[in-house]
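Each remark here refers to the structure printed beneath this line.
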Amino acid sequence: MDEPQKKMIGDGEGESPLMMNTDKGGGMTMRTMKSDIASMLETGGSAPRPYVPLTQPAPAPMPMPASPSQPIPQPASVSSSPVSPMASVPTPKSTPSPISPSSFQTMASNPPPTTPSSPNLSSSDLPSQKGGMGKWIIILVAIIGLGALYYYVIYPNFLAPQDEPAPAPQLNTPPVIPPPAPTPEPEVIPTSTPAQLPPPIIHTSFFKTKADIVTEVALTAPDLQSIQTAFGASPVTVPLFKELMLKQNEAQLLLKDFLALVTPGVFSESALEHFEGDYTLFTYANKDGVFPGYILKGVMASTTRDILQAATKISLEGADKVGLVNIYPANPGNPSATWKQGKTGVVVNRYLVFSTPTFATSFNYGWVGDILVVSASYDGFKEALKRL
């Protein structure tokens, strides 16, 4: 029986086997650096050595052309293909001797010669470039542009003389003679400010039932004598109720002027502000004489009724009793010491008695709503209440 064939251990890439596998058991031998060097020497290779790069000789300087028409010689093209450092090293066919460490020291101390540097070329040796012509073109274009800017922009706008506008033609217009200024009239300075009269009051009677006689009396003068003359003093056998309107300057005598004459010191100006300016004046005549009276209407918007009634009581009863005498055309006598209170129908009235040796009368006042009735006799007070 034939002996089994031994397995060969190669190093790859078609090379001769490095060693035979003598292990019958099929084991592997460990590969080392030493075994690789021995294998390279057995197969005709050389021992490893350091790599030295190859240097190319410096190119010779190009000759300059004698004339501009002579073409410039071009340098010989150098192949740009990479040179393999291992291609120029022939592989010896015989087994070389191993390189000792002293060989490495000799190569290190004697390095390969370096290529001499190329000589410096002056600017006069270089050929002229096309870039010089382009520079002169740019300078020429810049000069033309600056000239155009000066001619079309700077000179006409800043340096050219400005033309003055032609003067307007002179027209032979005749001169305009202004009219003479008017002579100002002398200002009249008033010596005193005229008193402004209040607007006239339109009289309206407070009586709903018309009086027996309604008459107007123009006063000759706004005084007490003129008013008492208008009242009259003659007694009558049949009672007569008459309504009067005292006029001054074609208007009714003002309330404040009337009260200041017939009941002086009774109503102040602040108290009269709570009454309307219009009033109704009446007289009641009987066998004992003539007894005047008047009616006022309170302004409820300014105060309440109770306050107005209280203020009227203070005005009438707190005043000097002598001031109530002027309303009588004839002397009524002496007043009593105190005011008394009575009631006529539903109206509460206050009164003060005057007496003489021959007869007696009373001064009465009372409120019917917001209307104040004042009478120089009780009979006249009752007759006025009937007609409201």
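Identifiers for the structure tokens are assigned positionally: chains receive A, B, ... in sequence, residues are indexed from 1 per chain, and ligands are indexed from 1 in the order shown.
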
Item to check | Test item: residues at most 7 Å from Arg350 in chain A, only C-alpha atoms, excluding those fewer than 3 positions along its chain, as a ChimeraX atom specification | outcome: /A:339-342,364-366

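Residue nearest Thr220 in chain A, chosen from A:Leu240, A:Lys247, A:Gly380, A:Ser205 and counting only C-alpha atoms: A:Lys247.
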
Next on the checklist: Which residues are near Val322 in chain A? Cut-off 10 Å, only C-alpha atoms, ignore same chain within fewer than 6 positions. Put them as a ChimeraX atom specification.
Outcome noted: /A:263-265,334-335

Keeping N, CA and C atoms for every residue in the selection just given, could you write it to a file as a PDB file, in the first residue's frame?
```
ATOM      1  N   THR A 263     -95.216 147.544  52.993  1.00  0.00           N
ATOM      2  CA  THR A 263     -94.797 146.798  54.192  1.00  0.00           C
ATOM      3  C   THR A 263     -93.276 146.909  54.316  1.00  0.00           C
ATOM      4  N   PRO A 264     -92.784 148.071  54.644  1.00  0.00           N
ATOM      5  CA  PRO A 264     -91.335 148.256  54.704  1.00  0.00           C
ATOM      6  C   PRO A 264     -90.701 147.444  55.829  1.00  0.00           C
ATOM      7  N   GLY A 265     -89.531 146.837  55.530  1.00  0.00           N
ATOM      8  CA  GLY A 265     -88.785 146.084  56.532  1.00  0.00           C
ATOM      9  C   GLY A 265     -89.319 144.702  56.803  1.00  0.00           C
ATOM     10  N   ASN A 334    -103.776 151.002  67.002  1.00  0.00           N
ATOM     11  CA  ASN A 334    -102.599 150.362  67.598  1.00  0.00           C
ATOM     12  C   ASN A 334    -102.679 148.842  67.429  1.00  0.00           C
ATOM     13  N   PRO A 335    -101.552 148.161  67.136  1.00  0.00           N
ATOM     14  CA  PRO A 335    -101.568 146.697  67.001  1.00  0.00           C
ATOM     15  C   PRO A 335    -101.595 146.030  68.372  1.00  0.00           C
TER      16      PRO A 335
END
```
